[in-house]
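J.: Got a structure for you, data_32.txt, holding compact mmCIF, C-alpha atoms.
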```txt
# COMPACT_ATOMS: atom_id res chain seq x y z
CA ALA A 1 16.92 1.31 6.08
CA GLN A 2 14.56 0.24 3.37
CA LYS A 3 13.71 2.49 0.46
CA VAL A 4 11.72 2.24 -2.75
CA THR A 5 12.27 4.67 -5.61
CA GLN A 6 9.89 5.16 -8.50
CA ALA A 7 11.68 7.80 -10.51
CA GLN A 8 8.90 8.24 -13.06
CA THR A 9 6.29 10.54 -11.55
CA GLU A 10 3.99 10.62 -14.57
CA ILE A 11 3.88 8.73 -17.84
CA SER A 12 1.56 9.38 -20.75
CA VAL A 13 1.15 6.91 -23.62
CA VAL A 14 -1.24 6.32 -26.46
CA GLU A 15 -3.39 3.24 -26.38
CA LYS A 16 -1.70 0.05 -27.63
CA GLU A 17 1.77 1.29 -26.77
CA ASP A 18 3.91 -0.78 -24.41
CA VAL A 19 4.99 0.97 -21.21
CA THR A 20 7.46 0.05 -18.46
CA LEU A 21 7.23 1.36 -14.92
CA ASP A 22 10.52 1.39 -13.06
CA CYS A 23 11.07 0.40 -9.44
CA VAL A 24 14.41 0.42 -7.64
CA TYR A 25 14.73 -0.69 -4.03
CA GLU A 26 17.23 -0.69 -1.20
CA THR A 27 17.34 -3.17 1.65
CA ARG A 28 19.88 -4.95 3.84
CA ASP A 29 17.61 -7.95 4.30
CA THR A 30 18.41 -11.12 2.39
CA THR A 31 14.80 -12.28 2.52
CA TYR A 32 12.24 -9.80 1.35
CA TYR A 33 9.17 -9.40 -0.82
CA LEU A 34 8.34 -6.95 -3.56
CA PHE A 35 4.84 -5.89 -4.53
CA TRP A 36 3.00 -3.88 -7.12
CA TYR A 37 -0.36 -2.27 -6.40
CA LYS A 38 -2.67 -0.40 -8.75
CA GLN A 39 -4.75 2.60 -7.65
CA PRO A 40 -7.36 3.46 -10.29
CA PRO A 41 -9.16 6.82 -10.28
CA SER A 42 -11.81 5.32 -7.98
CA GLY A 43 -9.16 5.27 -5.25
CA GLU A 44 -8.93 1.70 -4.00
CA LEU A 45 -5.63 -0.16 -3.87
CA VAL A 46 -5.59 -3.32 -5.95
CA PHE A 47 -2.94 -5.97 -5.39
CA LEU A 48 -1.16 -7.04 -8.59
CA ILE A 49 1.82 -9.18 -7.68
CA ARG A 50 4.04 -10.39 -4.83
CA ARG A 51 7.53 -11.73 -5.49
CA ASN A 52 10.05 -13.06 -2.98
CA SER A 53 13.75 -12.32 -3.10
CA PHE A 54 14.71 -15.89 -3.95
CA ASP A 55 12.63 -16.08 -7.10
CA GLU A 56 14.12 -14.08 -9.94
CA GLN A 57 12.03 -15.62 -12.66
CA ASN A 58 10.12 -13.12 -14.70
CA GLU A 59 6.36 -13.36 -14.45
CA ILE A 60 3.70 -12.76 -17.05
CA SER A 61 -0.01 -12.36 -16.43
CA GLY A 62 -1.92 -11.47 -19.54
CA ARG A 63 -0.71 -8.06 -20.71
CA TYR A 64 1.27 -7.55 -17.50
CA SER A 65 4.83 -8.71 -16.94
CA TRP A 66 7.39 -8.16 -14.24
CA ASN A 67 11.16 -8.22 -14.43
CA PHE A 68 13.00 -8.81 -11.14
CA GLN A 69 16.77 -8.30 -11.15
CA LYS A 70 18.58 -8.57 -7.83
CA SER A 71 21.85 -7.46 -9.42
CA THR A 72 20.39 -4.02 -10.08
CA SER A 73 17.84 -4.06 -7.21
CA SER A 74 15.03 -3.48 -9.64
CA PHE A 75 11.52 -4.83 -10.04
CA ASN A 76 10.09 -3.30 -13.19
CA PHE A 77 6.54 -3.63 -14.45
CA THR A 78 5.61 -3.68 -18.14
CA ILE A 79 2.15 -3.30 -19.62
CA THR A 80 1.93 -4.57 -23.18
CA ALA A 81 -0.57 -3.04 -25.59
CA SER A 82 -1.81 -0.54 -23.02
CA GLN A 83 -5.51 0.25 -22.70
CA VAL A 84 -7.39 3.24 -21.35
CA VAL A 85 -8.46 1.12 -18.35
CA ASP A 86 -4.79 0.85 -17.37
CA SER A 87 -4.81 4.53 -16.44
CA ALA A 88 -4.01 4.58 -12.73
CA VAL A 89 -1.32 5.26 -10.18
CA TYR A 90 0.96 2.27 -9.71
CA PHE A 91 2.87 1.70 -6.50
CA CYS A 92 5.86 -0.51 -5.94
CA ALA A 93 6.38 -1.67 -2.35
CA LEU A 94 8.96 -3.58 -0.32
CA SER A 95 8.53 -5.80 2.73
CA PRO A 96 9.37 -6.57 5.39
CA ASP A 97 10.22 -3.68 7.49
CA SER A 98 10.82 -5.88 10.48
CA ASN A 99 10.92 -2.85 12.77
CA SER A 100 7.33 -2.01 11.84
CA GLY A 101 5.46 -5.29 11.96
CA TYR A 102 6.40 -6.13 8.39
CA ALA A 103 4.65 -3.05 7.07
CA LEU A 104 5.11 -2.15 3.44
CA ASN A 105 7.53 0.54 2.33
CA PHE A 106 5.94 2.22 -0.65
CA GLY A 107 7.43 4.20 -3.46
CA LYS A 108 5.75 7.49 -4.26
CA GLY A 109 3.94 6.00 -7.23
CA THR A 110 3.88 6.47 -10.98
CA SER A 111 0.80 8.00 -12.54
CA LEU A 112 0.05 6.37 -15.89
CA LEU A 113 -2.29 8.03 -18.36
CA VAL A 114 -3.35 6.05 -21.41
CA THR A 115 -5.13 8.09 -24.05
CA PRO A 116 -7.21 6.74 -26.94
CA ASN B 1 -16.71 -12.40 2.39
CA ALA B 2 -16.38 -8.61 2.46
CA GLY B 3 -12.58 -8.50 2.85
CA VAL B 4 -11.47 -5.26 4.46
CA THR B 5 -14.06 -2.58 5.10
CA GLN B 6 -13.64 0.96 6.40
CA THR B 7 -16.15 3.29 8.03
CA PRO B 8 -16.82 6.09 7.19
CA LYS B 9 -15.89 6.66 3.55
CA PHE B 10 -15.81 10.46 3.87
CA ARG B 11 -15.69 12.84 6.79
CA VAL B 12 -15.22 16.57 7.32
CA LEU B 13 -14.05 17.76 10.73
CA LYS B 14 -13.33 21.12 12.27
CA THR B 15 -9.98 21.72 13.94
CA GLY B 16 -10.02 20.29 17.44
CA GLN B 17 -12.81 17.78 16.90
CA SER B 18 -12.30 14.10 17.51
CA MET B 19 -13.32 11.03 15.57
CA THR B 20 -12.69 7.32 15.18
CA LEU B 21 -12.15 5.42 11.96
CA LEU B 22 -13.16 1.79 11.98
CA CYS B 23 -11.46 -0.96 10.03
CA ALA B 24 -12.95 -4.44 9.93
CA GLN B 25 -11.71 -7.62 8.24
CA ASP B 26 -13.37 -10.98 7.95
CA MET B 27 -10.35 -12.98 6.76
CA ASN B 28 -9.07 -13.98 10.21
CA HIS B 29 -5.91 -11.97 9.62
CA GLU B 30 -3.48 -11.42 12.49
CA TYR B 31 -1.75 -8.30 11.19
CA MET B 32 -3.49 -4.99 10.62
CA TYR B 33 -2.16 -1.61 9.55
CA TRP B 34 -3.20 2.01 9.19
CA TYR B 35 -1.58 4.07 6.44
CA ARG B 36 -2.15 7.61 5.26
CA GLN B 37 -1.80 8.75 1.69
CA ASP B 38 -0.89 12.31 0.81
CA PRO B 39 -0.27 13.74 -2.68
CA GLY B 40 3.21 12.89 -3.91
CA MET B 41 4.08 11.03 -0.70
CA GLY B 42 2.97 7.48 -1.36
CA LEU B 43 1.58 5.66 1.67
CA ARG B 44 3.06 6.07 5.11
CA LEU B 45 2.50 3.82 8.10
CA ILE B 46 0.71 5.35 11.09
CA HIS B 47 0.22 2.42 13.48
CA TYR B 48 0.07 -1.32 13.21
CA SER B 49 -0.99 -4.40 15.14
CA VAL B 50 0.45 -7.90 15.05
CA GLY B 51 -2.44 -9.47 16.91
CA GLU B 52 -5.45 -8.91 19.13
CA GLY B 53 -4.61 -6.63 22.03
CA THR B 54 -1.33 -5.39 20.52
CA THR B 55 -0.51 -2.08 18.84
CA ALA B 56 2.66 -0.26 17.88
CA LYS B 57 3.76 3.01 16.31
CA GLY B 58 4.71 3.39 12.70
CA GLU B 59 6.44 6.16 10.80
CA VAL B 60 3.95 8.97 11.45
CA PRO B 61 2.06 8.21 14.70
CA ASP B 62 1.77 11.69 16.23
CA GLY B 63 -1.81 12.85 16.76
CA TYR B 64 -3.28 9.36 16.39
CA ASN B 65 -4.18 6.53 18.72
CA VAL B 66 -5.28 2.99 17.93
CA SER B 67 -6.91 0.01 19.57
CA ARG B 68 -7.31 -3.65 18.66
CA LEU B 69 -9.70 -5.09 21.22
CA LYS B 70 -11.05 -7.67 18.78
CA LYS B 71 -9.03 -9.53 16.19
CA GLN B 72 -11.25 -8.42 13.34
CA ASN B 73 -11.32 -4.70 14.17
CA PHE B 74 -8.64 -2.01 14.20
CA LEU B 75 -9.68 1.48 15.27
CA LEU B 76 -7.83 4.69 14.49
CA GLY B 77 -8.61 7.70 16.66
CA LEU B 78 -7.93 11.38 16.24
CA GLU B 79 -8.29 13.11 19.61
CA SER B 80 -7.92 16.70 18.39
CA ALA B 81 -7.95 16.95 14.62
CA ALA B 82 -5.57 19.32 12.84
CA PRO B 83 -5.54 20.48 9.20
CA SER B 84 -2.29 18.51 8.72
CA GLN B 85 -4.34 15.35 9.22
CA THR B 86 -6.31 16.00 6.06
CA SER B 87 -5.54 12.86 4.08
CA VAL B 88 -6.83 9.59 2.72
CA TYR B 89 -6.57 6.81 5.29
CA PHE B 90 -6.17 3.19 4.30
CA CYS B 91 -6.46 0.14 6.47
CA ALA B 92 -4.79 -3.12 5.46
CA SER B 93 -4.58 -6.63 6.83
CA SER B 94 -2.54 -9.75 6.25
CA TYR B 95 -2.47 -13.27 7.64
CA SER B 96 1.15 -12.94 8.70
CA GLY B 97 3.98 -10.48 8.28
CA TRP B 98 5.15 -12.24 5.14
CA ASP B 99 1.80 -12.36 3.41
CA THR B 100 0.14 -10.01 0.99
CA GLN B 101 -1.60 -7.05 2.55
CA TYR B 102 -5.16 -6.41 1.39
CA PHE B 103 -6.46 -2.89 1.59
CA GLY B 104 -9.79 -1.36 2.47
CA PRO B 105 -11.43 1.22 0.18
CA GLY B 106 -10.06 4.19 2.12
CA THR B 107 -11.49 7.07 4.15
CA ARG B 108 -11.15 10.61 2.84
CA LEU B 109 -10.82 12.98 5.80
CA THR B 110 -10.81 16.75 5.55
CA VAL B 111 -9.98 18.89 8.57
CA LEU B 112 -10.98 22.53 8.26
```
Please express the file's structure as structure tokens.
T.:
Amino acid sequence: AQKVTQAQTEISVVEKEDVTLDCVYETRDTTYYLFWYKQPPSGELVFLIRRNSFDEQNEISGRYSWNFQKSTSSFNFTITASQVVDSAVYFCALSPDSNSGYALNFGKGTSLLVTP
Amino acid sequence: NAGVTQTPKFRVLKTGQSMTLLCAQDMNHEYMYWYRQDPGMGLRLIHYSVGEGTTAKGEVPDGYNVSRLKKQNFLLGLESAAPSQTSVYFCASSYSGWDTQYFGPGTRLTVL
């Protein structure tokens, strides 16, 4: 069975601090995809990144970076120099769940609060 | 190009009432999904569809029915609403099972 664990329920940082959101996953599949979504206070789900299991290169997009390590089944997300607009709930997700039409298995989310 | 849209955005029902949530996508996606989001639970799959005319159950299907008569639309029905169905409902679509899922804005449903 697939499972995604986001052990950090809530994180609070002061603006300009760096923050890392942890994601640990379990799967028996050899081919799979990992995702991060952002849910700001307005409620919509915003896609951030998709990474396949064969690509372990770290990725950087502006202030965002992702560290994928198959050896530890982790896909961590770092925000550098955090800003108030980064305040949101962040979800890590795993696909495919081939028994459910390749639906996403979501972690329970990490709520990030960035204060001025 | 509107992406994924959901109707309505908010709804309040009384126990036992019925309603239908509409999801529409204009990206020619084959796969569509309905999830519910509850506090501290993340998102859980209700039903999904891998193409026009097909539907299947997800993790939490009880009390819901779905239909996919047209490729662009995926309807979620509640025949007899219960307070346990108070939740935020998200629709998502993707071109294939391997592709990124794009989400609608959500429907906040309260059942009294």
J.: Please, what distance in Å, to one decimal, runs between CA of Ser84 in chain B and CA of Pro39 in chain B?
T.: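 Rounded to one decimal, the two atoms are 12.5 Å apart.
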J.: Just the number, please: distance in Å from CA of Asn99 in chain A to CA of His29 in chain B, one decimal.
T.: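 Answer for the CA of Asn99 in chain A to CA of His29 in chain B separation: 19.4 Å.
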J.: Taking only C-alpha atoms into account, which of B:Gln6, B:Tyr48, B:Leu75, B:Gln17 comes nearest Tyr35 in chain B?
T.: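 Closest candidate: B:Tyr48.
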J.: Counting all atoms listed in the file, what is within 7 Å of Glu59 in chain B, bar same-chain residues fewer than 4 positions away, as a list in words?
T.: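 Those residues are Arg44, Leu45 and Ile46 of chain B.
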J.: For the residues in the current selection, export C-alpha atoms as a tab-separated table (two decimals), in the frame of the given file.
T.:
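Contents of the output file result16.tsv:
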```
chain	number	residue	atom	x	y	z
B	44	ARG	CA	3.06	6.07	5.11
B	45	LEU	CA	2.50	3.82	8.10
B	46	ILE	CA	0.71	5.35	11.09
```
J.: Please determine, counting all atoms listed in the file, which residue among A:Phe47, A:Phe68, A:Phe77, A:Phe54 has the shortest atom-to-atom distance to chain B.
T.: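 For chain B, the nearest of the candidates is A:Phe47.
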J.: Could you give me, as a PyMOL selection string, the residues within 8 Å of Tyr32 in chain A, counting only C-alpha atoms and dropping anything in the same chain fewer than 2 positions from it?
T.: chain A and resi 29-30+34+52-53+94-96
J.: Now that the selection is made, can you save its residues with C-alpha atoms as a PDB file, in the coordinates of the input?
T.:
```
ATOM      1  CA  ASP A  29      17.610  -7.950   4.300  1.00  0.00           C
ATOM      2  CA  THR A  30      18.410 -11.120   2.390  1.00  0.00           C
ATOM      3  CA  LEU A  34       8.340  -6.950  -3.560  1.00  0.00           C
ATOM      4  CA  ASN A  52      10.050 -13.060  -2.980  1.00  0.00           C
ATOM      5  CA  SER A  53      13.750 -12.320  -3.100  1.00  0.00           C
ATOM      6  CA  LEU A  94       8.960  -3.580  -0.320  1.00  0.00           C
ATOM      7  CA  SER A  95       8.530  -5.800   2.730  1.00  0.00           C
ATOM      8  CA  PRO A  96       9.370  -6.570   5.390  1.00  0.00           C
TER       9      PRO A  96
END
```
J.: State, in Å with one decimal place, the distance from CA of Leu76 in chain B to CA of Ser94 in chain B.
T.: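 Answer for the CA of Leu76 in chain B to CA of Ser94 in chain B separation: 17.4 Å.
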J.: Would you kindly report the residues of chain B within 9 Å of chain A, using all atoms listed in the file, as a list in words?
T.: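 Contact residues on the first chain: Tyr31, Tyr33, Pro39, Gly40, Met41, Gly42, Leu43, Arg44, Leu45, His47, Tyr48, Ser49, Val50, Ala56, Lys57, Gly58, Glu59, Phe90, Ser96, Gly97, Trp98, Asp99, Thr100, Gln101, Tyr102, Phe103, Gly104, Pro105 and Gly106 of chain B.
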J.: Taking all atoms listed in the file into account, which of B:Ser93, B:Ser80, B:Ser67, B:Thr107 comes nearest Asp26 in chain B?
T.: B:Ser93
J.: Mind checking which residues fall within 10 Å of Ser73 in chain A, counting only C-alpha atoms, ignoring those fewer than 4 positions away in the same chain, and posting them as a list in words?
T.: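 Skipping anything fewer than 4 positions along the chain leaves Val4, Cys23, Val24, Tyr25, Glu26, Thr27, Phe68 and Gln69 of chain A.
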J.: Which is closer to Glu79 in chain B than all the others in B:Gln37, B:Thr20, B:Pro8, B:Glu30, using all atoms listed in the file?
T.: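 Looking only at the distances to Glu79 in chain B, the closest residue turns out to be B:Thr20.
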J.: Which residue is closest to Thr54 in chain B? Choose from B:Asp38, B:Phe74, B:Arg108, B:Gln85 and count all atoms listed in the file.
T.: B:Phe74
J.: Box for range 25-43 of chain A: with edges along x, y and z, all listed atoms inside and 5 Å added on each side, what are the centre and edge lengths in Å to one decimal, as AutoDock Vina command-line options?
T.:
```
--center_x 4.0 --center_y -2.7 --center_z -3.0 --size_x 41.7 --size_y 29.1 --size_z 24.6
```
J.: Residues of range 80-100 of chain A that approach range 62-66 of chain A to 12 Å or less, counting all atoms listed in the file: could you list each one with the shortest pair of atoms and its distance in Å to one decimal, rows by chain and increasing residue number, as CSV?
T.:
```
residue,atom,partner,partner_atom,distance
A:Thr80,CA,A:Arg63,CA,5.0
A:Ala81,CA,A:Arg63,CA,7.0
A:Ser82,CA,A:Arg63,CA,7.9
A:Gln83,CA,A:Arg63,CA,9.8
A:Asp86,CA,A:Arg63,CA,10.4
A:Cys92,CA,A:Trp66,CA,11.4
```
J.: Give me range 75-111 of chain A with N, CA and C atoms filled in, as an mmCIF file, in the coordinates of the input.
T.:
```cif
data_model
loop_
_atom_site.group_PDB
_atom_site.id
_atom_site.type_symbol
_atom_site.label_atom_id
_atom_site.label_comp_id
_atom_site.auth_asym_id
_atom_site.auth_seq_id
_atom_site.Cartn_x
_atom_site.Cartn_y
_atom_site.Cartn_z
ATOM 1 N N PHE A 75 12.708 -3.987 -9.858
ATOM 2 C CA PHE A 75 11.520 -4.830 -10.040
ATOM 3 C C PHE A 75 10.561 -4.050 -10.938
ATOM 4 N N ASN A 76 10.820 -4.121 -12.235
ATOM 5 C CA ASN A 76 10.090 -3.300 -13.190
ATOM 6 C C ASN A 76 8.833 -3.979 -13.705
ATOM 7 N N PHE A 77 7.877 -3.172 -14.063
ATOM 8 C CA PHE A 77 6.540 -3.630 -14.450
ATOM 9 C C PHE A 77 6.238 -3.121 -15.858
ATOM 10 N N THR A 78 5.908 -4.049 -16.748
ATOM 11 C CA THR A 78 5.610 -3.680 -18.140
ATOM 12 C C THR A 78 4.172 -4.026 -18.476
ATOM 13 N N ILE A 79 3.496 -3.068 -19.084
ATOM 14 C CA ILE A 79 2.150 -3.300 -19.620
ATOM 15 C C ILE A 79 2.280 -3.331 -21.141
ATOM 16 N N THR A 80 1.870 -4.416 -21.728
ATOM 17 C CA THR A 80 1.930 -4.570 -23.180
ATOM 18 C C THR A 80 0.587 -4.167 -23.792
ATOM 19 N N ALA A 81 0.657 -3.463 -24.898
ATOM 20 C CA ALA A 81 -0.570 -3.040 -25.590
ATOM 21 C C ALA A 81 -1.517 -2.348 -24.613
ATOM 22 N N SER A 82 -1.075 -1.244 -24.064
ATOM 23 C CA SER A 82 -1.810 -0.540 -23.020
ATOM 24 C C SER A 82 -3.233 -0.197 -23.463
ATOM 25 N N GLN A 83 -4.116 -0.112 -22.461
ATOM 26 C CA GLN A 83 -5.510 0.250 -22.700
ATOM 27 C C GLN A 83 -5.891 1.398 -21.786
ATOM 28 N N VAL A 84 -6.945 2.095 -22.144
ATOM 29 C CA VAL A 84 -7.390 3.240 -21.350
ATOM 30 C C VAL A 84 -7.664 2.815 -19.901
ATOM 31 N N VAL A 85 -8.151 1.595 -19.707
ATOM 32 C CA VAL A 85 -8.460 1.120 -18.350
ATOM 33 C C VAL A 85 -7.212 0.916 -17.500
ATOM 34 N N ASP A 86 -6.039 0.957 -18.131
ATOM 35 C CA ASP A 86 -4.790 0.850 -17.370
ATOM 36 C C ASP A 86 -4.406 2.174 -16.715
ATOM 37 N N SER A 87 -5.101 3.230 -17.042
ATOM 38 C CA SER A 87 -4.810 4.530 -16.440
ATOM 39 C C SER A 87 -5.025 4.449 -14.926
ATOM 40 N N ALA A 88 -3.974 4.731 -14.189
ATOM 41 C CA ALA A 88 -4.010 4.580 -12.730
ATOM 42 C C ALA A 88 -2.675 5.050 -12.174
ATOM 43 N N VAL A 89 -2.607 5.082 -10.848
ATOM 44 C CA VAL A 89 -1.320 5.260 -10.180
ATOM 45 C C VAL A 89 -0.844 3.879 -9.748
ATOM 46 N N TYR A 90 0.401 3.578 -10.038
ATOM 47 C CA TYR A 90 0.960 2.270 -9.710
ATOM 48 C C TYR A 90 2.039 2.442 -8.652
ATOM 49 N N PHE A 91 1.924 1.633 -7.608
ATOM 50 C CA PHE A 91 2.870 1.700 -6.500
ATOM 51 C C PHE A 91 3.679 0.418 -6.425
ATOM 52 N N CYS A 92 4.967 0.585 -6.255
ATOM 53 C CA CYS A 92 5.860 -0.510 -5.940
ATOM 54 C C CYS A 92 6.104 -0.471 -4.432
ATOM 55 N N ALA A 93 6.198 -1.629 -3.798
ATOM 56 C CA ALA A 93 6.380 -1.670 -2.350
ATOM 57 C C ALA A 93 7.320 -2.804 -1.965
ATOM 58 N N LEU A 94 7.953 -2.638 -0.806
ATOM 59 C CA LEU A 94 8.960 -3.580 -0.320
ATOM 60 C C LEU A 94 8.606 -4.012 1.104
ATOM 61 N N SER A 95 8.771 -5.261 1.393
ATOM 62 C CA SER A 95 8.530 -5.800 2.730
ATOM 63 C C SER A 95 9.547 -6.893 2.995
ATOM 64 N N PRO A 96 9.980 -7.163 4.208
ATOM 65 C CA PRO A 96 9.370 -6.570 5.390
ATOM 66 C C PRO A 96 10.207 -5.429 5.944
ATOM 67 N N ASP A 97 9.535 -4.580 6.604
ATOM 68 C CA ASP A 97 10.220 -3.680 7.490
ATOM 69 C C ASP A 97 10.023 -4.287 8.875
ATOM 70 N N SER A 98 10.997 -5.084 9.263
ATOM 71 C CA SER A 98 10.820 -5.880 10.480
ATOM 72 C C SER A 98 10.689 -5.024 11.728
ATOM 73 N N ASN A 99 11.079 -3.751 11.631
ATOM 74 C CA ASN A 99 10.920 -2.850 12.770
ATOM 75 C C ASN A 99 9.506 -2.297 12.875
ATOM 76 N N SER A 100 8.692 -2.552 11.873
ATOM 77 C CA SER A 100 7.330 -2.010 11.840
ATOM 78 C C SER A 100 6.324 -3.093 11.501
ATOM 79 N N GLY A 101 6.456 -4.243 12.148
ATOM 80 C CA GLY A 101 5.460 -5.290 11.960
ATOM 81 C C GLY A 101 5.333 -5.762 10.529
ATOM 82 N N TYR A 102 6.404 -5.683 9.782
ATOM 83 C CA TYR A 102 6.400 -6.130 8.390
ATOM 84 C C TYR A 102 5.515 -5.247 7.520
ATOM 85 N N ALA A 103 5.406 -3.988 7.895
ATOM 86 C CA ALA A 103 4.650 -3.050 7.070
ATOM 87 C C ALA A 103 5.332 -2.868 5.721
ATOM 88 N N LEU A 104 4.568 -2.393 4.775
ATOM 89 C CA LEU A 104 5.110 -2.150 3.440
ATOM 90 C C LEU A 104 5.771 -0.786 3.374
ATOM 91 N N ASN A 105 6.920 -0.732 2.689
ATOM 92 C CA ASN A 105 7.530 0.540 2.330
ATOM 93 C C ASN A 105 7.161 0.826 0.885
ATOM 94 N N PHE A 106 6.425 1.892 0.674
ATOM 95 C CA PHE A 106 5.940 2.220 -0.650
ATOM 96 C C PHE A 106 6.821 3.242 -1.348
ATOM 97 N N GLY A 107 6.926 3.100 -2.666
ATOM 98 C CA GLY A 107 7.430 4.200 -3.460
ATOM 99 C C GLY A 107 6.351 5.272 -3.569
ATOM 100 N N LYS A 108 6.693 6.385 -4.191
ATOM 101 C CA LYS A 108 5.750 7.490 -4.260
ATOM 102 C C LYS A 108 4.750 7.339 -5.401
ATOM 103 N N GLY A 109 4.914 6.310 -6.187
ATOM 104 C CA GLY A 109 3.940 6.000 -7.230
ATOM 105 C C GLY A 109 4.263 6.620 -8.572
ATOM 106 N N THR A 110 3.789 5.965 -9.612
ATOM 107 C CA THR A 110 3.880 6.470 -10.980
ATOM 108 C C THR A 110 2.475 6.582 -11.538
ATOM 109 N N SER A 111 2.126 7.773 -11.970
ATOM 110 C CA SER A 111 0.800 8.000 -12.540
ATOM 111 C C SER A 111 0.852 7.722 -14.038
#
```
